[in-house]
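K.L.:
This structure is in structure tokens; I'll ask about it shortly.
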There are 2 protein chains.
Amino acid sequence: MSRDATRIGALEARIGEEVLLEGWLYNRRSSGKLEFLLVRDGSGTVQCVAAKAELPGDVFARCSTVTQESSVRVRGLVRADKRAPSGVELTLRDLEILSPSHEYPITPKEHGPDFLLNHRHLWIRSQQQHAILRIRHTLVQACRNWLDEEGFTLADAPIFTPSACEGTTTLFETEYFGEKAYLTQSGQLYNEATAMAFGKSYCFGPTFRAEKSKTRRHLIEFWMVEPEVAFAALEDVMRLIERFIEGIVGRVLAARRVELQILGRDLAALERVKAPFPRLSYEEAARTLRERGLPFEWGTDFGGTDETVLTEGYDRPFFVHRFPAAVKAFYMKRDPLDERLSLSCDLLAPEGYGEIVGGGEREDDLERLVERIGEHRLPQEAFEWYLDLRRYGSVPHSGFGMGIERALSWIAGIEHVRETIPFPRMLNRLKP
Amino acid sequence: MSRDATRIGALEARIGEEVLLEGWLYNRRSSGKLEFLLVRDGSGTVQCVAAKAELPGDVFARCSTVTQESSVRVRGLVRADKRAPSGVELTLRDLEILSPSHEYPITPKEHGPDFLLNHRHLWIRSQQQHAILRIRHTLVQACRNWLDEEGFTLADAPIFTPSACEGTTTLFETEYFGEKAYLTQSGQLYNEATAMAFGKSYCFGPTFRAEKSKTRRHLIEFWMVEPEVAFAALEDVMRLIERFIEGIVGRVLAARRVELQILGRDLAALERVKAPFPRLSYEEAARTLRERGLPFEWGTDFGGTDETVLTEGYDRPFFVHRFPAAVKAFYMKRDPLDERLSLSCDLLAPEGYGEIVGGGEREDDLERLVERIGEHRLPQEAFEWYLDLRRYGSVPHSGFGMGIERALSWIAGIEHVRETIPFPRMLNRLKP
């Protein structure tokens with residue numbers, strides 16, 4: 001930004017002054033004698049009013065012809081305007097067109113999702129997408145700050161991993177100097193190592209699933225935050241999850257109310273997100289589904305429809321805990337009260353959104369973990385380093401993972417996760 | 001952590017009280033009648049003193065036999081102790097061994113780097129590694145917070161990219177549902193799109209280079225923070241870089257003084273990191289190298305030795321700017337005063353560390369950019385979306401990228417970047 005330019009987000013402090021803005025023309029309305037230019041610069045949008053009677057002819061001519069998304073420099077007087085979302089309006093005194101924009105492809109008319117995704121590099125300039133991504137930024141910030149304030153240490157998990165933890169069918173593979181490497185699906189195992197070093201740790205990075213799913217809840221590349229806590233049991237991690245969710249939703253509400261309103265989000269639904277959250281055992285959830293007439297079988301995992309039906313009974317996030325061990329990963333600790341079950345939990349978001357968090361307590365006994373690795377037909381040699389965590393000062397420990405895009409989809413009230421990340425990667429979608 | 005346990009980092013507020021600690025035995029010294037147990041829990045380390053005369057026989061027996069890295073629960077009285085780094089000591093009243101650790105592989109004796117890297121999952125528990133990774137956390141936090149406070153919007157760049165920007169030789173390739181995808185080497189091009197949407201944006205994620213380099217400055221997988229600013233010229237971005245570096249170094253110094261001291265870092269060297277930084281044109285740098293007897297040829301890039309020699313003249317970071325266009329990427333804007341040169345800059349860290357930041361102004365003219373793409377023999381079709389940024393409201397814009405591991409290596413005074421990331425990925429090093 002030029003040193004003498006003012007950001008639109010800071011205009012309210014400059015009422016009565018003449019300022020220079022640098023940005024792009026978002027929209028223009030005309031009434032013959034007046035031109036209303038809506039200018040955006042990434043920090044906000046402001047209406048600039050150009051009056052024919054008060055401007056030199058060439059300036060007004062530029063005002064009445066400047067096209068959508070042309071880059072512009074605007075000089076004008078800042079006036080308070082209570083009707084404006086930004087609280088101010090500009091009386092335009094000069095307009096310079098830096099670089100014109102001819103036939104900008106995204107117009108106020110309706111476009112199909114493929115067209116918009118092909119133009120994602122421009123679509124992110126649109127008001128709604130802009131609002132979603134600013135909320136995303138605040139959500140990421142909130143997750144990190146909340147964990148930092150709680151004494152967690154960030155420890156980035158590696159993206160390249162040597163072993164295929166749970167089958168290779170959904171893994172991306174690459175050649176790594178003569179070896180095979182796989183792209184991470186979760187930092188989980190590494191977090192257990194860092195939790196033993198830092199007590200409380202988390203990783204926060206991209207993860208990858210080569211799933212051929214084409215639903216509104218699937219991305220091939222998505223970001224996860226995964227905290228892990230030494231000396232924590234399932235009960236402790238469920239309390240951590242509910243405090244975390246209450247905390248991050250509260251911070252997003254406080255900082256991004258305007259953007260949530262642009263998206264038409266029901267703010268009352270977010271204001272209800274207060275711990276403690278309802279808790280439903282897997283047994284109870286299975287019974288509920290059967291009572292509602294769904295053909296749900298004990299021992300299976302919930303499908304999208306099951307989750308949607310379960311959320312109908314709740315107006316805030318709720319837990320389902322103690323899933324059958326068979327549907328969870330090998331490292332989940334068994335429930336000492338019922339060996340068929342695992343000390344696991346999912347958090348489901350209401351309003352039909354479903355699972356946003358998965359967590360649980362990890363098996364901390366060396367012999368039992370070796371047994372599980374065998375049962376899952378995994379190569380023990382690849383897990384020797386992980387078994388070391390049980391050989392040298394094992395402790396009870398638990399953790400969870402939250403997918404940022406699914407969480408954001410719920411918080412911002414977005415139908416499809418493809419709008420919750422700057423450049424979505426989906427089945428058949430690798431561009432731009 | 002159990003609900004009734006206290007974290008060691010919070011002990012100073014509990015002087016005079018009896019507390020319960022949960023952690024691991026870091027070290028033990030014995031004087032016959034007294035056992036000195038050094039206990040760590042990830043938040044800190046505290047010495048617990050067990051006196052034979054004051055403890056039941058079985059408790060003292062456990063204290064005198066507990067092994068390195070066993071997990072323990074300790075009950076004791078907190079006493080102020082000015083000699084202790086934590087400011088406190090514990091009079092031990094009870095010790096419970098949760099899970100013993102037999103023959104912990106990392107002992108106080110010397111180990112070779114391969115042995116330590118093979119045991120990275122345990123090595124991170126050691127005092128020095130622990131200190132480095134806590135500084136890393138603070139550095140990441142400082143980068144993000146500084147940019148957030150300056151009005152930047154986080155916009156994560158994708159990891160999977162469709163086109164091989166600058167040759168495929170250093171790219172990792174993967175099969176993406178029948179297409180080829182490449183792992184990102186930089187979010188640069190995507191940041192230019194997000195800067196046009198947000199004015200100021202940044203991405204911060206892992207990047208990948210399949211380089212067969214085995215130096216102390218190379219990792220295969222490393223993290224980069226890359227800010228981009230619309231309406232900014234080279235001069236603006238150089239000012240941004242120096243304010244950013246001063247800001248993040250200041251925050252690390254303020255929050256991690258103890259850890260820097262553990263590493264023996266010269267704090268005065270960091271305290272000198274105040275903007276503005278010295279600026280050296282490429283021409284001047286080339287002349288300096290030749291004057292010092294190096295066979296440096298105009299038109300080439302600096303090698304590791306060149307950088308080390310250049311840093312000898314400076315006691316703080318310094319810029320080299322306006323590199324020959326031929327050694328920089330196709331998107332760098334040419335210097336209008338000398339078409340052979342680009343409007344680029346590198347920031348070099350002193351004390352022999354060399355380049356930690358690379359940045360510059362981007363070509364914003366459509367025709368010239370198309371020309372460059374042709375000159376570099378790149379497939380224009382793959383860059384049509386990127387060219388759109390010049391078709392629809394192009395503006396001058398600039399940005400930079402900083403590799404976290406190289407920056408941390410300098411800030412923490414670490415010889416080899418392999419110690420600056422929890423699980424390093426190097427040539428022939430994909431484990432654990």
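Labels for the structure tokens follow display order: chains A, B, ..., residues from 1 in each chain, ligands from 1.
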Each residue of chain A with at least one atom at most 7 Å from chain B should appear once, together with its nearest atom pair and the corresponding distance in Å (one decimal); atoms considered: only C-alpha atoms; ordering: chain, then increasing residue number; output as a Markdown table.

P.N.:
```
| residue | atom | partner | partner_atom | distance |
| --- | --- | --- | --- | --- |
| A:Met1 | CA | B:Phe231 | CA | 4.3 |
| A:Ser2 | CA | B:Phe231 | CA | 6.1 |
| A:Trp24 | CA | B:Gly393 | CA | 6.8 |
| A:Asp41 | CA | B:Gly199 | CA | 5.7 |
| A:Gly42 | CA | B:Phe198 | CA | 3.6 |
| A:Ser43 | CA | B:Phe198 | CA | 6.4 |
| A:Glu69 | CA | B:Gly393 | CA | 5.5 |
| A:Ser70 | CA | B:Gly393 | CA | 4.2 |
| A:Ser71 | CA | B:Gly393 | CA | 4.3 |
| A:Ser99 | CA | B:Gly393 | CA | 5.1 |
| A:Pro100 | CA | B:Gly393 | CA | 5.6 |
| A:Ser101 | CA | B:Tyr392 | CA | 4.3 |
| A:His102 | CA | B:Tyr392 | CA | 6.8 |
| A:Tyr104 | CA | B:Tyr392 | CA | 6.5 |
| A:His121 | CA | B:Ala193 | CA | 5.5 |
| A:Ile124 | CA | B:Ala197 | CA | 6.2 |
| A:Arg125 | CA | B:Ala197 | CA | 4.6 |
| A:Arg134 | CA | B:Thr153 | CA | 6.8 |
| A:His137 | CA | B:Leu154 | CA | 5.4 |
| A:Thr153 | CA | B:His137 | CA | 6.5 |
| A:Leu154 | CA | B:His137 | CA | 5.4 |
| A:Ala155 | CA | B:Pro422 | CA | 6.2 |
| A:Asp156 | CA | B:Pro422 | CA | 6.4 |
| A:Ala157 | CA | B:Phe423 | CA | 6.8 |
| A:Pro158 | CA | B:Phe423 | CA | 6.0 |
| A:Thr161 | CA | B:Leu430 | CA | 6.7 |
| A:Pro162 | CA | B:Leu430 | CA | 6.1 |
| A:Phe172 | CA | B:Thr174 | CA | 6.7 |
| A:Glu173 | CA | B:Thr174 | CA | 6.1 |
| A:Thr174 | CA | B:Thr174 | CA | 5.3 |
| A:Ala193 | CA | B:His121 | CA | 5.5 |
| A:Ala197 | CA | B:Arg125 | CA | 4.6 |
| A:Phe198 | CA | B:Gly42 | CA | 3.6 |
| A:Gly199 | CA | B:Gly42 | CA | 4.6 |
| A:Gly205 | CA | B:Gly205 | CA | 6.9 |
| A:Val229 | CA | B:Met1 | CA | 6.9 |
| A:Ala230 | CA | B:Met1 | CA | 6.1 |
| A:Phe231 | CA | B:Met1 | CA | 4.3 |
| A:Ala232 | CA | B:Met1 | CA | 4.9 |
| A:Trp385 | CA | B:Pro432 | CA | 6.6 |
| A:Arg391 | CA | B:Ser101 | CA | 6.2 |
| A:Tyr392 | CA | B:Ser101 | CA | 4.3 |
| A:Gly393 | CA | B:Ser70 | CA | 4.2 |
| A:Ser394 | CA | B:Ser99 | CA | 5.6 |
| A:Val395 | CA | B:Ser71 | CA | 6.6 |
| A:Pro422 | CA | B:Ala155 | CA | 6.2 |
| A:Phe423 | CA | B:Pro158 | CA | 6.0 |
| A:Leu430 | CA | B:Pro162 | CA | 6.1 |
| A:Lys431 | CA | B:Pro162 | CA | 6.4 |
| A:Pro432 | CA | B:Trp385 | CA | 6.6 |
```

K.L.:
Would you list the contacts of Thr305 (chain A) as a list in words, taking every protein, DNA or RNA residue within 10 Å and counting only C-alpha atoms, but skipping same-chain residues closer than 4 positions in sequence?

P.N.:
Leu294, Val309, Leu310, Thr311, Gly352 and Gly354 of chain A

K.L.:
So what do you get for CA of Pro324 (chain A) versus CA of Ile241 (chain A), distance-wise?

P.N.:
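Here the two named atoms are 20.6 Å from each other.
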
K.L.:
Could you pull out the strand (DSSP E) residues of region 213-383 of chain B from DSSP and send them as a PDB file with N, CA, C and O atoms, in the first residue's frame?

P.N.:
```pdb
ATOM      1  N   GLU B 221      11.437 -31.059   3.583  1.00  0.00           N
ATOM      2  CA  GLU B 221      10.117 -30.550   3.979  1.00  0.00           C
ATOM      3  C   GLU B 221      10.356 -29.431   4.971  1.00  0.00           C
ATOM      4  O   GLU B 221      11.002 -29.659   5.994  1.00  0.00           O
ATOM      5  N   PHE B 222       9.900 -28.233   4.656  1.00  0.00           N
ATOM      6  CA  PHE B 222      10.121 -27.119   5.587  1.00  0.00           C
ATOM      7  C   PHE B 222       8.947 -26.163   5.520  1.00  0.00           C
ATOM      8  O   PHE B 222       8.164 -26.175   4.582  1.00  0.00           O
ATOM      9  N   TRP B 223       8.824 -25.327   6.544  1.00  0.00           N
ATOM     10  CA  TRP B 223       7.673 -24.424   6.644  1.00  0.00           C
ATOM     11  C   TRP B 223       8.070 -23.020   6.204  1.00  0.00           C
ATOM     12  O   TRP B 223       9.154 -22.546   6.517  1.00  0.00           O
ATOM     13  N   MET B 224       7.160 -22.379   5.488  1.00  0.00           N
ATOM     14  CA  MET B 224       7.412 -21.015   5.027  1.00  0.00           C
ATOM     15  C   MET B 224       6.241 -20.110   5.373  1.00  0.00           C
ATOM     16  O   MET B 224       5.086 -20.509   5.257  1.00  0.00           O
ATOM     17  N   VAL B 225       6.577 -18.873   5.761  1.00  0.00           N
ATOM     18  CA  VAL B 225       5.553 -17.835   5.883  1.00  0.00           C
ATOM     19  C   VAL B 225       5.775 -16.881   4.714  1.00  0.00           C
ATOM     20  O   VAL B 225       6.904 -16.457   4.449  1.00  0.00           O
ATOM     21  N   GLU B 226       4.701 -16.591   3.976  1.00  0.00           N
ATOM     22  CA  GLU B 226       4.825 -15.790   2.760  1.00  0.00           C
ATOM     23  C   GLU B 226       3.754 -14.699   2.698  1.00  0.00           C
ATOM     24  O   GLU B 226       2.628 -14.974   2.315  1.00  0.00           O
ATOM     25  N   PRO B 227       4.096 -13.486   3.088  1.00  0.00           N
ATOM     26  CA  PRO B 227       3.155 -12.360   2.993  1.00  0.00           C
ATOM     27  C   PRO B 227       3.211 -11.718   1.601  1.00  0.00           C
ATOM     28  O   PRO B 227       4.246 -11.739   0.940  1.00  0.00           O
ATOM     29  N   GLU B 228       2.095 -11.174   1.195  1.00  0.00           N
ATOM     30  CA  GLU B 228       2.004 -10.492  -0.108  1.00  0.00           C
ATOM     31  C   GLU B 228       1.146  -9.237   0.065  1.00  0.00           C
ATOM     32  O   GLU B 228       0.128  -9.282   0.757  1.00  0.00           O
ATOM     33  N   VAL B 229       1.558  -8.123  -0.561  1.00  0.00           N
ATOM     34  CA  VAL B 229       0.879  -6.848  -0.352  1.00  0.00           C
ATOM     35  C   VAL B 229       0.554  -6.182  -1.687  1.00  0.00           C
ATOM     36  O   VAL B 229       1.446  -5.980  -2.518  1.00  0.00           O
ATOM     37  N   ALA B 230      -0.723  -5.851  -1.881  1.00  0.00           N
ATOM     38  CA  ALA B 230      -1.129  -5.100  -3.064  1.00  0.00           C
ATOM     39  C   ALA B 230      -0.705  -3.641  -2.900  1.00  0.00           C
ATOM     40  O   ALA B 230      -0.646  -3.128  -1.788  1.00  0.00           O
ATOM     41  N   ARG B 279      21.712  -1.980   3.418  1.00  0.00           N
ATOM     42  CA  ARG B 279      21.296  -2.421   2.080  1.00  0.00           C
ATOM     43  C   ARG B 279      22.477  -2.397   1.136  1.00  0.00           C
ATOM     44  O   ARG B 279      23.194  -1.413   1.064  1.00  0.00           O
ATOM     45  N   LEU B 280      22.620  -3.462   0.418  1.00  0.00           N
ATOM     46  CA  LEU B 280      23.743  -3.645  -0.475  1.00  0.00           C
ATOM     47  C   LEU B 280      23.140  -4.053  -1.808  1.00  0.00           C
ATOM     48  O   LEU B 280      22.329  -4.971  -1.857  1.00  0.00           O
ATOM     49  N   SER B 281      23.490  -3.357  -2.885  1.00  0.00           N
ATOM     50  CA  SER B 281      22.979  -3.825  -4.178  1.00  0.00           C
ATOM     51  C   SER B 281      23.750  -5.075  -4.567  1.00  0.00           C
ATOM     52  O   SER B 281      24.855  -5.332  -4.060  1.00  0.00           O
ATOM     53  N   PHE B 318      21.123  -7.969   6.830  1.00  0.00           N
ATOM     54  CA  PHE B 318      21.276  -6.936   5.783  1.00  0.00           C
ATOM     55  C   PHE B 318      20.683  -7.444   4.478  1.00  0.00           C
ATOM     56  O   PHE B 318      20.570  -8.644   4.257  1.00  0.00           O
ATOM     57  N   PHE B 319      20.293  -6.463   3.657  1.00  0.00           N
ATOM     58  CA  PHE B 319      19.688  -6.789   2.366  1.00  0.00           C
ATOM     59  C   PHE B 319      20.727  -6.832   1.255  1.00  0.00           C
ATOM     60  O   PHE B 319      21.654  -6.002   1.225  1.00  0.00           O
ATOM     61  N   VAL B 320      20.538  -7.748   0.325  1.00  0.00           N
ATOM     62  CA  VAL B 320      21.131  -7.622  -1.005  1.00  0.00           C
ATOM     63  C   VAL B 320      19.951  -7.474  -1.955  1.00  0.00           C
ATOM     64  O   VAL B 320      19.003  -8.258  -1.885  1.00  0.00           O
ATOM     65  N   HIS B 321      19.972  -6.432  -2.794  1.00  0.00           N
ATOM     66  CA  HIS B 321      18.808  -6.185  -3.648  1.00  0.00           C
ATOM     67  C   HIS B 321      19.201  -6.046  -5.113  1.00  0.00           C
ATOM     68  O   HIS B 321      20.363  -5.854  -5.455  1.00  0.00           O
ATOM     69  N   ARG B 334      11.205  -6.429 -13.684  1.00  0.00           N
ATOM     70  CA  ARG B 334      12.530  -5.908 -14.034  1.00  0.00           C
ATOM     71  C   ARG B 334      12.729  -4.515 -13.441  1.00  0.00           C
ATOM     72  O   ARG B 334      11.766  -3.775 -13.254  1.00  0.00           O
ATOM     73  N   ASP B 335      13.977  -4.183 -13.206  1.00  0.00           N
ATOM     74  CA  ASP B 335      14.324  -2.846 -12.728  1.00  0.00           C
ATOM     75  C   ASP B 335      14.223  -1.872 -13.899  1.00  0.00           C
ATOM     76  O   ASP B 335      14.945  -2.028 -14.888  1.00  0.00           O
ATOM     77  N   ASP B 338      17.541  -0.596 -15.146  1.00  0.00           N
ATOM     78  CA  ASP B 338      18.509  -1.527 -15.747  1.00  0.00           C
ATOM     79  C   ASP B 338      17.800  -2.855 -15.978  1.00  0.00           C
ATOM     80  O   ASP B 338      17.611  -3.639 -15.050  1.00  0.00           O
ATOM     81  N   GLU B 339      17.427  -3.095 -17.229  1.00  0.00           N
ATOM     82  CA  GLU B 339      16.591  -4.246 -17.565  1.00  0.00           C
ATOM     83  C   GLU B 339      17.252  -5.595 -17.255  1.00  0.00           C
ATOM     84  O   GLU B 339      16.580  -6.627 -17.237  1.00  0.00           O
ATOM     85  N   ARG B 340      18.579  -5.602 -17.045  1.00  0.00           N
ATOM     86  CA  ARG B 340      19.243  -6.868 -16.700  1.00  0.00           C
ATOM     87  C   ARG B 340      18.892  -7.297 -15.277  1.00  0.00           C
ATOM     88  O   ARG B 340      19.069  -8.445 -14.899  1.00  0.00           O
ATOM     89  N   LEU B 341      18.424  -6.326 -14.486  1.00  0.00           N
ATOM     90  CA  LEU B 341      18.219  -6.582 -13.051  1.00  0.00           C
ATOM     91  C   LEU B 341      16.738  -6.775 -12.719  1.00  0.00           C
ATOM     92  O   LEU B 341      15.862  -6.330 -13.457  1.00  0.00           O
ATOM     93  N   SER B 342      16.473  -7.419 -11.601  1.00  0.00           N
ATOM     94  CA  SER B 342      15.102  -7.614 -11.132  1.00  0.00           C
ATOM     95  C   SER B 342      14.894  -6.812  -9.848  1.00  0.00           C
ATOM     96  O   SER B 342      15.845  -6.540  -9.112  1.00  0.00           O
ATOM     97  N   SER B 344      14.243  -7.383  -6.871  1.00  0.00           N
ATOM     98  CA  SER B 344      14.231  -8.472  -5.893  1.00  0.00           C
ATOM     99  C   SER B 344      15.125  -8.131  -4.721  1.00  0.00           C
ATOM    100  O   SER B 344      15.966  -7.238  -4.803  1.00  0.00           O
ATOM    101  N   CYS B 345      14.950  -8.846  -3.625  1.00  0.00           N
ATOM    102  CA  CYS B 345      15.843  -8.676  -2.479  1.00  0.00           C
ATOM    103  C   CYS B 345      15.924  -9.969  -1.681  1.00  0.00           C
ATOM    104  O   CYS B 345      14.978 -10.727  -1.626  1.00  0.00           O
ATOM    105  N   ASP B 346      17.082 -10.201  -1.125  1.00  0.00           N
ATOM    106  CA  ASP B 346      17.260 -11.272  -0.136  1.00  0.00           C
ATOM    107  C   ASP B 346      17.670 -10.607   1.159  1.00  0.00           C
ATOM    108  O   ASP B 346      18.349  -9.581   1.148  1.00  0.00           O
ATOM    109  N   LEU B 347      17.242 -11.194   2.282  1.00  0.00           N
ATOM    110  CA  LEU B 347      17.768 -10.733   3.565  1.00  0.00           C
ATOM    111  C   LEU B 347      18.703 -11.817   4.080  1.00  0.00           C
ATOM    112  O   LEU B 347      18.318 -12.991   4.156  1.00  0.00           O
ATOM    113  N   LEU B 348      19.929 -11.417   4.418  1.00  0.00           N
ATOM    114  CA  LEU B 348      20.918 -12.365   4.925  1.00  0.00           C
ATOM    115  C   LEU B 348      21.117 -12.158   6.420  1.00  0.00           C
ATOM    116  O   LEU B 348      21.246 -11.019   6.879  1.00  0.00           O
ATOM    117  N   ALA B 349      21.120 -13.248   7.159  1.00  0.00           N
ATOM    118  CA  ALA B 349      21.357 -13.167   8.591  1.00  0.00           C
ATOM    119  C   ALA B 349      22.855 -13.188   8.849  1.00  0.00           C
ATOM    120  O   ALA B 349      23.602 -13.836   8.114  1.00  0.00           O
ATOM    121  N   GLY B 354      23.426 -16.489   6.616  1.00  0.00           N
ATOM    122  CA  GLY B 354      23.032 -16.293   5.213  1.00  0.00           C
ATOM    123  C   GLY B 354      21.543 -16.111   5.024  1.00  0.00           C
ATOM    124  O   GLY B 354      20.796 -15.789   5.964  1.00  0.00           O
ATOM    125  N   GLU B 355      21.088 -16.366   3.785  1.00  0.00           N
ATOM    126  CA  GLU B 355      19.726 -16.035   3.369  1.00  0.00           C
ATOM    127  C   GLU B 355      18.647 -16.632   4.262  1.00  0.00           C
ATOM    128  O   GLU B 355      18.591 -17.831   4.487  1.00  0.00           O
ATOM    129  N   ILE B 356      17.757 -15.762   4.764  1.00  0.00           N
ATOM    130  CA  ILE B 356      16.586 -16.262   5.476  1.00  0.00           C
ATOM    131  C   ILE B 356      15.286 -15.764   4.845  1.00  0.00           C
ATOM    132  O   ILE B 356      14.231 -16.321   5.099  1.00  0.00           O
ATOM    133  N   VAL B 357      15.384 -14.706   4.033  1.00  0.00           N
ATOM    134  CA  VAL B 357      14.193 -14.147   3.387  1.00  0.00           C
ATOM    135  C   VAL B 357      14.513 -13.866   1.921  1.00  0.00           C
ATOM    136  O   VAL B 357      15.614 -13.430   1.600  1.00  0.00           O
ATOM    137  N   GLY B 358      13.547 -14.147   1.055  1.00  0.00           N
ATOM    138  CA  GLY B 358      13.655 -13.736  -0.345  1.00  0.00           C
ATOM    139  C   GLY B 358      12.367 -13.031  -0.731  1.00  0.00           C
ATOM    140  O   GLY B 358      11.284 -13.486  -0.352  1.00  0.00           O
ATOM    141  N   GLY B 359      12.487 -11.918  -1.449  1.00  0.00           N
ATOM    142  CA  GLY B 359      11.263 -11.209  -1.804  1.00  0.00           C
ATOM    143  C   GLY B 359      11.453 -10.321  -3.007  1.00  0.00           C
ATOM    144  O   GLY B 359      12.508 -10.342  -3.649  1.00  0.00           O
ATOM    145  N   GLY B 360      10.422  -9.533  -3.283  1.00  0.00           N
ATOM    146  CA  GLY B 360      10.540  -8.607  -4.395  1.00  0.00           C
ATOM    147  C   GLY B 360       9.206  -8.153  -4.931  1.00  0.00           C
ATOM    148  O   GLY B 360       8.147  -8.517  -4.402  1.00  0.00           O
ATOM    149  N   GLU B 361       9.298  -7.354  -5.990  1.00  0.00           N
ATOM    150  CA  GLU B 361       8.106  -6.842  -6.655  1.00  0.00           C
ATOM    151  C   GLU B 361       7.785  -7.747  -7.838  1.00  0.00           C
ATOM    152  O   GLU B 361       8.692  -8.249  -8.512  1.00  0.00           O
TER     153      GLU B 361
END
```

K.L.:
Could you pull out the residues in region 302-355 of chain B that DSSP calls helix (DSSP H, G or I) from the backbone, as a list in words?

P.N.:
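Helix (DSSP H, G or I) members of region 302-355 of chain B, listed: Gly304, Thr305, Asp306, Glu307, Thr308, Val309, Leu310, Thr311, Ala325, Ala326 and Val327 of chain B.
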
K.L.:
Emit the selected residues as a compact mmCIF listing (two decimals), in the first residue's frame, including N, CA, C and O atoms.

P.N.:
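Saved the output as part05.txt:
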```
# COMPACT_ATOMS: atom_id res chain seq x y z
N GLY B 304 26.68 -20.85 -0.82
CA GLY B 304 26.77 -20.82 0.65
C GLY B 304 28.00 -20.07 1.13
O GLY B 304 27.93 -19.24 2.05
N THR B 305 29.15 -20.32 0.50
CA THR B 305 30.40 -19.67 0.91
C THR B 305 30.32 -18.16 0.67
O THR B 305 30.75 -17.37 1.50
N ASP B 306 29.78 -17.79 -0.49
CA ASP B 306 29.63 -16.36 -0.79
C ASP B 306 28.82 -15.67 0.30
O ASP B 306 29.19 -14.61 0.80
N GLU B 307 27.70 -16.30 0.65
CA GLU B 307 26.84 -15.70 1.68
C GLU B 307 27.57 -15.56 3.00
O GLU B 307 27.49 -14.53 3.66
N THR B 308 28.28 -16.62 3.38
CA THR B 308 29.02 -16.58 4.64
C THR B 308 30.02 -15.44 4.64
O THR B 308 30.14 -14.69 5.61
N VAL B 309 30.75 -15.29 3.54
CA VAL B 309 31.75 -14.22 3.45
C VAL B 309 31.07 -12.84 3.51
O VAL B 309 31.54 -11.94 4.20
N LEU B 310 29.93 -12.70 2.80
CA LEU B 310 29.22 -11.42 2.82
C LEU B 310 28.79 -11.05 4.24
O LEU B 310 28.85 -9.89 4.64
N THR B 311 28.34 -12.04 5.02
CA THR B 311 27.83 -11.73 6.36
C THR B 311 28.93 -11.24 7.29
O THR B 311 28.63 -10.61 8.31
N ALA B 325 18.09 -10.56 -13.30
CA ALA B 325 16.79 -11.19 -13.56
C ALA B 325 16.96 -12.67 -13.85
O ALA B 325 16.11 -13.49 -13.50
N ALA B 326 18.07 -13.05 -14.46
CA ALA B 326 18.28 -14.43 -14.88
C ALA B 326 18.33 -15.42 -13.71
O ALA B 326 18.04 -16.60 -13.89
N VAL B 327 18.70 -14.97 -12.51
CA VAL B 327 18.79 -15.92 -11.39
C VAL B 327 17.51 -15.91 -10.54
O VAL B 327 17.43 -16.63 -9.54
```

K.L.:
If we count only C-alpha atoms and set the cut-off at 7 Å, which residues sit around Ala80 (chain A), ignoring sequence neighbours fewer than 4 positions away in its own chain? Please answer as JSON, numbers by chain.

P.N.:
{"A": [15, 87, 88, 89]}

K.L.:
Interatomic distance between CA of Leu219 (chain A) and CA of Pro113 (chain A)?

P.N.:
15.2 Å
